[in-house]
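J.: Right, I'll just put the structure down here and ask away after.
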Amino acid sequence: MDVAAWLCGLGLERYAPAFRDNDVDGEVLPELMSDDLISIGVTSVGHRRKLLAAIASLGAAPPAATVMAAPCDTPAPADAERRQLTVMFCDLVGSTALSSRLDPEDLREVIGAYHHTVAEIVSGFGGFVAKYMGDGVLIYFGYPQAHEDDAERAVRAGLAVIEAVSAMPMWFARSLRPRRGSG
């Protein structure tokens with residue numbers, strides 16, 4: 001693990017020399033405690049808390065949609081290009097009310113069908129589903145493949161999602177049966 005790049009990703013690259021001078025590498029990093037950070041010169045309580053939280057998350061698996069950034073001191077390749085990224089977020093309106101009327105299993109089916117519909121439409125417009133968050137969907141246009149008209153594609157995809165979800169009332173009506181055990 002490149003500790004300097006990790007620190008850079010946290011916005012705490014100023015501590016890279018202290019970590020290097022104290023032989024803190026990827027193997028030692030998960031073992032650091034607050035007192036260790038103080039002894040190597042991390043005097044800010046906020047920075048220590050930020051570092052300890054980031055260290056604690058090292059053991060957790062990164063989310064599937066996580067994109068790892070290059071170290072901040074790494075020069076860009078000569079053939080690198082800057083491109084625009086259009087971000088879209090879709091949310092199922094009324095899902096909170098729906099959750100009070102449906103069994104959790106039925107709600108999962110409704111949201112799953114919604115996610116599937118959104119993903120299908122978005123991929124048809126060249127978008128990339130970055131993450132599912134509850135009943136929401138985070139979508140990128142321009143990543144991993146860029147198009148000249150990514151912003152327009154996002155708008156068209158959003159309109160198509162609205163149309164597709166609006167065409168689902170009969171399907172939703174079947175899902176809106178009372179909870180089991182309620183009379």
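Going through the structure tokens in order, the chains are called A, B, and so on, while each chain numbers its residues from 1 and the ligands are numbered from 1 in the order shown.
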Just list the residues in stretch 133-173 of chain A DSSP gives strand (DSSP E) on the backbone, as a ChimeraX atom specification.
T.: /A:133,136-141
J.: Once DSSP has gone over the backbone, tell me which residues of stretch 81-116 of chain A are in alpha helix (DSSP H), as an NGL selection string.
T.: :A and (95-101 or 104-116)
J.: Got a sec: who's within 12 Å of A:Glu152, counting only C-alpha atoms, leaving out chain neighbours fewer than 2 positions off, as a VMD selection string?
T.: chain A and resid 85 to 88 125 to 127 141 to 142 147 to 150 154 to 159
J.: Would you export the selected residues with N, CA, C and O atoms as a PDB file, in the first residue's frame, please?
T.:
```pdb
ATOM      1  N   LEU A  85     -17.994  15.140 -16.908  1.00  0.00           N
ATOM      2  CA  LEU A  85     -18.752  14.042 -16.341  1.00  0.00           C
ATOM      3  C   LEU A  85     -20.122  14.589 -15.971  1.00  0.00           C
ATOM      4  O   LEU A  85     -20.226  15.617 -15.312  1.00  0.00           O
ATOM      5  N   THR A  86     -21.151  13.932 -16.441  1.00  0.00           N
ATOM      6  CA  THR A  86     -22.507  14.312 -16.080  1.00  0.00           C
ATOM      7  C   THR A  86     -23.004  13.290 -15.080  1.00  0.00           C
ATOM      8  O   THR A  86     -22.932  12.080 -15.324  1.00  0.00           O
ATOM      9  N   VAL A  87     -23.485  13.767 -13.939  1.00  0.00           N
ATOM     10  CA  VAL A  87     -23.954  12.893 -12.874  1.00  0.00           C
ATOM     11  C   VAL A  87     -25.468  13.039 -12.760  1.00  0.00           C
ATOM     12  O   VAL A  87     -26.001  14.142 -12.748  1.00  0.00           O
ATOM     13  N   MET A  88     -26.147  11.902 -12.673  1.00  0.00           N
ATOM     14  CA  MET A  88     -27.602  11.899 -12.535  1.00  0.00           C
ATOM     15  C   MET A  88     -27.955  11.038 -11.336  1.00  0.00           C
ATOM     16  O   MET A  88     -27.319  10.013 -11.091  1.00  0.00           O
ATOM     17  N   PHE A 125     -28.660   4.406 -23.005  1.00  0.00           N
ATOM     18  CA  PHE A 125     -28.221   5.751 -23.357  1.00  0.00           C
ATOM     19  C   PHE A 125     -26.720   5.943 -23.122  1.00  0.00           C
ATOM     20  O   PHE A 125     -26.221   7.057 -23.176  1.00  0.00           O
ATOM     21  N   GLY A 126     -26.015   4.856 -22.834  1.00  0.00           N
ATOM     22  CA  GLY A 126     -24.572   4.926 -22.658  1.00  0.00           C
ATOM     23  C   GLY A 126     -24.132   5.393 -21.281  1.00  0.00           C
ATOM     24  O   GLY A 126     -22.994   5.811 -21.100  1.00  0.00           O
ATOM     25  N   GLY A 127     -25.029   5.303 -20.298  1.00  0.00           N
ATOM     26  CA  GLY A 127     -24.681   5.700 -18.932  1.00  0.00           C
ATOM     27  C   GLY A 127     -24.115   4.534 -18.142  1.00  0.00           C
ATOM     28  O   GLY A 127     -24.136   3.382 -18.583  1.00  0.00           O
ATOM     29  N   PHE A 141     -22.627   9.725 -16.735  1.00  0.00           N
ATOM     30  CA  PHE A 141     -22.541   9.789 -18.183  1.00  0.00           C
ATOM     31  C   PHE A 141     -21.198  10.451 -18.482  1.00  0.00           C
ATOM     32  O   PHE A 141     -20.908  11.517 -17.951  1.00  0.00           O
ATOM     33  N   GLY A 142     -20.383   9.801 -19.292  1.00  0.00           N
ATOM     34  CA  GLY A 142     -19.051  10.294 -19.574  1.00  0.00           C
ATOM     35  C   GLY A 142     -17.985   9.456 -18.897  1.00  0.00           C
ATOM     36  O   GLY A 142     -16.801   9.694 -19.031  1.00  0.00           O
ATOM     37  N   HIS A 147     -18.899  10.505 -24.426  1.00  0.00           N
ATOM     38  CA  HIS A 147     -19.550  10.833 -25.691  1.00  0.00           C
ATOM     39  C   HIS A 147     -19.660  12.346 -25.764  1.00  0.00           C
ATOM     40  O   HIS A 147     -19.714  13.017 -24.732  1.00  0.00           O
ATOM     41  N   GLU A 148     -19.728  12.877 -26.945  1.00  0.00           N
ATOM     42  CA  GLU A 148     -19.847  14.325 -27.114  1.00  0.00           C
ATOM     43  C   GLU A 148     -21.131  14.865 -26.498  1.00  0.00           C
ATOM     44  O   GLU A 148     -21.189  16.003 -26.075  1.00  0.00           O
ATOM     45  N   ASP A 149     -22.164  14.042 -26.444  1.00  0.00           N
ATOM     46  CA  ASP A 149     -23.476  14.499 -26.007  1.00  0.00           C
ATOM     47  C   ASP A 149     -23.919  13.846 -24.695  1.00  0.00           C
ATOM     48  O   ASP A 149     -25.091  13.558 -24.504  1.00  0.00           O
ATOM     49  N   ASP A 150     -22.996  13.635 -23.745  1.00  0.00           N
ATOM     50  CA  ASP A 150     -23.337  12.954 -22.506  1.00  0.00           C
ATOM     51  C   ASP A 150     -24.407  13.677 -21.697  1.00  0.00           C
ATOM     52  O   ASP A 150     -25.276  13.043 -21.105  1.00  0.00           O
ATOM     53  N   ALA A 154     -28.016  12.112 -20.652  1.00  0.00           N
ATOM     54  CA  ALA A 154     -28.515  12.049 -19.279  1.00  0.00           C
ATOM     55  C   ALA A 154     -29.951  12.570 -19.203  1.00  0.00           C
ATOM     56  O   ALA A 154     -30.808  11.960 -18.552  1.00  0.00           O
ATOM     57  N   VAL A 155     -30.206  13.678 -19.869  1.00  0.00           N
ATOM     58  CA  VAL A 155     -31.558  14.254 -19.866  1.00  0.00           C
ATOM     59  C   VAL A 155     -32.537  13.292 -20.532  1.00  0.00           C
ATOM     60  O   VAL A 155     -33.628  13.021 -20.005  1.00  0.00           O
ATOM     61  N   ARG A 156     -32.154  12.750 -21.672  1.00  0.00           N
ATOM     62  CA  ARG A 156     -33.035  11.814 -22.376  1.00  0.00           C
ATOM     63  C   ARG A 156     -33.267  10.551 -21.539  1.00  0.00           C
ATOM     64  O   ARG A 156     -34.381  10.023 -21.499  1.00  0.00           O
ATOM     65  N   ALA A 157     -32.237  10.073 -20.873  1.00  0.00           N
ATOM     66  CA  ALA A 157     -32.392   8.894 -20.016  1.00  0.00           C
ATOM     67  C   ALA A 157     -33.334   9.209 -18.852  1.00  0.00           C
ATOM     68  O   ALA A 157     -34.194   8.389 -18.500  1.00  0.00           O
ATOM     69  N   GLY A 158     -33.178  10.387 -18.261  1.00  0.00           N
ATOM     70  CA  GLY A 158     -34.061  10.782 -17.164  1.00  0.00           C
ATOM     71  C   GLY A 158     -35.513  10.831 -17.596  1.00  0.00           C
ATOM     72  O   GLY A 158     -36.405  10.344 -16.893  1.00  0.00           O
ATOM     73  N   LEU A 159     -35.762  11.395 -18.775  1.00  0.00           N
ATOM     74  CA  LEU A 159     -37.134  11.447 -19.295  1.00  0.00           C
ATOM     75  C   LEU A 159     -37.668  10.038 -19.581  1.00  0.00           C
ATOM     76  O   LEU A 159     -38.841   9.739 -19.310  1.00  0.00           O
TER      77      LEU A 159
END
```
J.: Nearest residue to A:Ile121 out of A:Asp2, A:Asp23, A:Glu163, A:Asp36, using only C-alpha atoms?
T.: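 Smallest separation from A:Ile121 among the options: A:Glu163.
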